[in-house]
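Have a look at the structure below, then the notes.
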Amino acid sequence: MIDFQSFTLDNGLRVIVHQDPNCLLAVVNVMYYVGARDEEAHKTGFAHLFEHLMFGGSKHIASYDHALQQVGGDNNAYTSPDVTNYYCTLPADNLETAFWLESDRMVGLSFDPQVLAVQKKVVIEEFKEVYLNEPYGDTWLKLNELAYTTHPYRWPVIGQDMRHVAQATMEDVRAFFSKFYVPNNAVLVVGGGVSLAQVKQLSKKWFEPIPAGPAYIRNLPQEPIQQASRSLTVHANVPLDAIYKAYHIPGRLSNDYHPVELLSSSLGLGKSSRLYEQLIDTKQYFNTIGAYTTQTIDSGLLVIIGRLNEGITFGKAERALLDLLTEMQQVGLSEQELEKVKNHAETYLIGSAVDLLHRVQELAFATLLGDTKLVNQQAAKIQSVSLIDMNRVAKKVLKEENSSTLYYQHQS
C-alpha cells in the first residue's frame with residue numbers, strides 16, 4: 001500500500017504527496033501528459049527532443065545539473081509514447097531547490113537558438129547510433145509501422161524521420177512548449193522525508209503563480225481492428241536470423257489489461273516459460289526467445305522476439321512457434337501456470353515498492369490515468385484474474401490475423 005495525499009493548485013497542477021518519515025531523501029517528479037502519440041505525423045520526435053531541451057537551461061537558470069549537484073542531488077528524465085517524465089533525488093533538507101528548478105523550467109525554457117541547435121544534433125546522433133548503426137536497431141521503426149496503420153504509436157519515441165527534428169524551428173519549439181508544458185497538463189509528485197504542509201507551502205510559492213494553459217483535448221485516431229496478418233522481410237548484416245511477432249492488445253485501462261500481462265509472462269518470461277521450454281530447451285530452434293507487452297495507455301502490442309539458431313529456417317521456426325500459440329489458444333493454461341505468473345507479478349510489485357523513486361512515479365502515472373488510487377489496486381486486479389479470463393484473451397489476442405511479423409534475415 002502506497003500512502004498519499006493530494007491537492008490541486010488554482011492553475012490546475014495536481015500535486016501528490018507521499019510521506020516516508022524514515023527517509024532522509026526526497027524525490028520531486030514532474031510528469032507531463034505528452035508523449036510521442038501527441039505529435040503530428042509530419043513533426044515526430046518532438047516529445048523526445050524536449051526531454052533534452054529541458055536540461056538546456058531555463059529563464060533564470062543556465063545549468064540545471066550544476067544547481068542540483070551543488071545541493072547533493074541528481075536527476076534524469078524519460079520519454080514514452082504516452083508521457084514525458086522528469087525527476088530528481090536530493091537530501092530532503094534541500095527540497096526547495098528542486099521546486100525552484102522545476103518551476104523555472106515550467107515557467108519557460110531559455111529558448112536559446114544555440115541550445116536548440118546542439119540538442120537537435122544530439123538527438124540525430126542518438127538516432128543514428130541506436131537505430132541505424134546497431135544490429136537489429138531499426139526493428140521498432142519497421143515493426144511499429146507494420147503493426148499500426150492509423151494510431152500515432154506507429155512511430156517510435158525518437159521520431160519516424162530525423163528530418164522532422166532537423167527541420168524543427170524555434171517557432172515549432174515554442175508552440176509545442178506552450179501547448180503541453182503547462183501546469184494543468186502535469187502532475188507533481190513529491191515523496192520521501194517531506195510533510196504535506198511543507199509541500200503545500202512550496203507548491204503555492206513556486207508553482208501556483210504559473211498560469212494555466214489552454215486545455216488539451218486529446219482526440220487521437222484509434223487503430224482499427226486488424227483483420228489479416230501482415231509481414232515484412234528485412235535483409236541486413238546481423239548475427240542471426242530473427243522473428244518479431246506483434247499482436248494487438250487492450251490498453252492500460254481495459255479490464256483485459258492484467259490477463260494479457262499474465263499471458264505474456266506465461267509465454268515468454270524466464271526459462272520456465274512455454275516459449276523457452278519448448279523452443280529452446282526441447283526443440284532447440286531458437287537461440288533466445290521471449291515475450292513482453294508495450295504497456296501503453298491506448299491499445300498496445302504483445303511482442304514475441306526470437307533469434308534462430310544457425311541452420312534453422314524461418315518456416316521451421318515459425319511453424320513451431322505457431323503450433324505453441326495454437327495450443328495456448330485451444331488448451332489454455334493450467335492452474336499451476338496461472339499461479340506461477342501471478343506470484344511473479346505480485347513479487348515484482350512488492351519488490352519495486354521498496355524503491356522511493358518507483359513509488360513516486362507510479363503515483364504520477366496512476367494520476368494521469370485518471371485516479372491516483374489505481375496505484376494500490378494492482379495486486380487485487382492480478383489476483384482476480386481467472387483461468388477463464390486467461391484462456392479468453394489468449395483466443396482473442398493470439399489469432400494469426402491479429403499479428404504483424406517482421407523477419408530479420410541475416411546476410412553477409
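Residues are named by chain letter and number: chains run A, B, ... in the order of the C-alpha cells, numbers start at 1 in each chain, and ligands are numbered from 1 in the order shown.
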
Using only C-alpha atoms, what does the table of region 297-333 of chain A residues within 12 Å of region 37-53 of chain A look like, with each row giving the shortest atom pair and its distance in Å to one decimal, sorted by chain and ascending number, as CSV?
```
residue,atom,partner,partner_atom,distance
A:Ile297,CA,A:Arg37,CA,10.2
A:Asp298,CA,A:Arg37,CA,9.5
A:Ser299,CA,A:Arg37,CA,11.8
A:Gly300,CA,A:Arg37,CA,11.9
```

Looking only at alpha helix (DSSP H) from DSSP on the backbone, list the matching residues of region 104-235 of chain A as a PyMOL selection string.
-> chain A and resi 104-107+113-127+139-147+162-166+170-180+196-206

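Taking CA of Ser203 (chain A) and CA of Val28 (chain A) as endpoints, the distance between them is 11.3 Å.
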
For Tyr87 (chain A): contacts at 6 Å, only C-alpha atoms, fewer than 5 positions along chain excluded, given as a list in words =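 Here the answer would be Val28, Asn29, Asn75 and Asn76 of chain A.
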
Those selected residues, please, written with C-alpha atoms and delivered as a PDB file, in the first residue's frame.
```
ATOM      1  CA  VAL A  28      10.456  15.503  -6.867  1.00  0.00           C
ATOM      2  CA  ASN A  29       8.817  14.159 -10.010  1.00  0.00           C
ATOM      3  CA  ASN A  75      18.259  13.910 -11.875  1.00  0.00           C
ATOM      4  CA  ASN A  76      17.121  12.256 -15.042  1.00  0.00           C
TER       5      ASN A  76
END
```

Measuring atom to atom with only C-alpha atoms, identify which of A:Tyr348, A:Phe177, A:Tyr257, A:Tyr33 is nearest to Gln295 (chain A).
-> A:Tyr257

Distance query Cys23 (chain A) at most 8 Å, only C-alpha atoms, self and fewer than 2 positions along chain excluded, as a tab-separated table (two decimals) with C-alpha atoms, in the first residue's frame:
```
chain	number	residue	atom	x	y	z
A	20	ASP	CA	8.11	8.44	4.22
A	21	PRO	CA	9.37	9.66	7.60
A	25	LEU	CA	15.95	11.88	0.81
A	26	ALA	CA	13.20	13.44	-1.25
A	192	GLY	CA	10.29	10.91	0.95
A	193	GLY	CA	11.17	12.83	4.09
```

Write out as a list in words the residues lying within 7 Å of Ala379 (chain A), counting only C-alpha atoms and excluding same-chain residues fewer than 3 positions away.
->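 Selected residues are Glu346, Ile382 and Gln383 of chain A.
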
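Remark: for Ser254 (chain A), the closest of the candidate residues A:Leu302, A:Thr296, A:Leu95, A:Asn376 is A:Thr296 (distances computed over only C-alpha atoms).
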
Who sits within 7 Å of region 318-332 of chain A, only C-alpha atoms, same chain under 6 positions skipped, as a PDB file with C-alpha atoms, in the first residue's frame:
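Contents of the output file around_6.pdb:
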```
ATOM      1  CA  ASN A 391      -7.998 -18.513 -21.997  1.00  0.00           C
ATOM      2  CA  ALA A 394      -5.406 -15.984 -25.477  1.00  0.00           C
ATOM      3  CA  LYS A 395      -8.051 -16.825 -28.090  1.00  0.00           C
ATOM      4  CA  LEU A 398      -3.034 -14.751 -30.369  1.00  0.00           C
TER       5      LEU A 398
END
```

Using only C-alpha atoms, which of A:Pro156, A:Gly270, A:Gly72, A:Gly57 sits nearest Lys340 (chain A)?
->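 Distance minimum relative to Lys340 (chain A) lands on A:Gly270.
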
Check the smallest atom-to-atom distance from each of A:Asn287, A:Thr149, A:Asn184, A:Thr313 to Thr8 (chain A) using only C-alpha atoms, then report the winner.
->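 Between A:Asn287, A:Thr149, A:Asn184, A:Thr313, the residue approaching Thr8 (chain A) most closely is A:Asn184.
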
Pick from A:Glu126, A:Gln378, A:Ala364, A:His66: nearest to Thr347 (chain A), with only C-alpha atoms counted?
-> A:Gln378

Rounded to one decimal in Å, what is the spacing between CA of Ala291 (chain A) and CA of Lys373 (chain A)?
-> 28.9 Å

Go ahead and compute the interatomic distance for CA of Tyr153 (chain A) and CA of Tyr131 (chain A), in Å to one decimal.
->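 Calculated distance between CA of Tyr153 (chain A) and CA of Tyr131 (chain A) is 16.8 Å.
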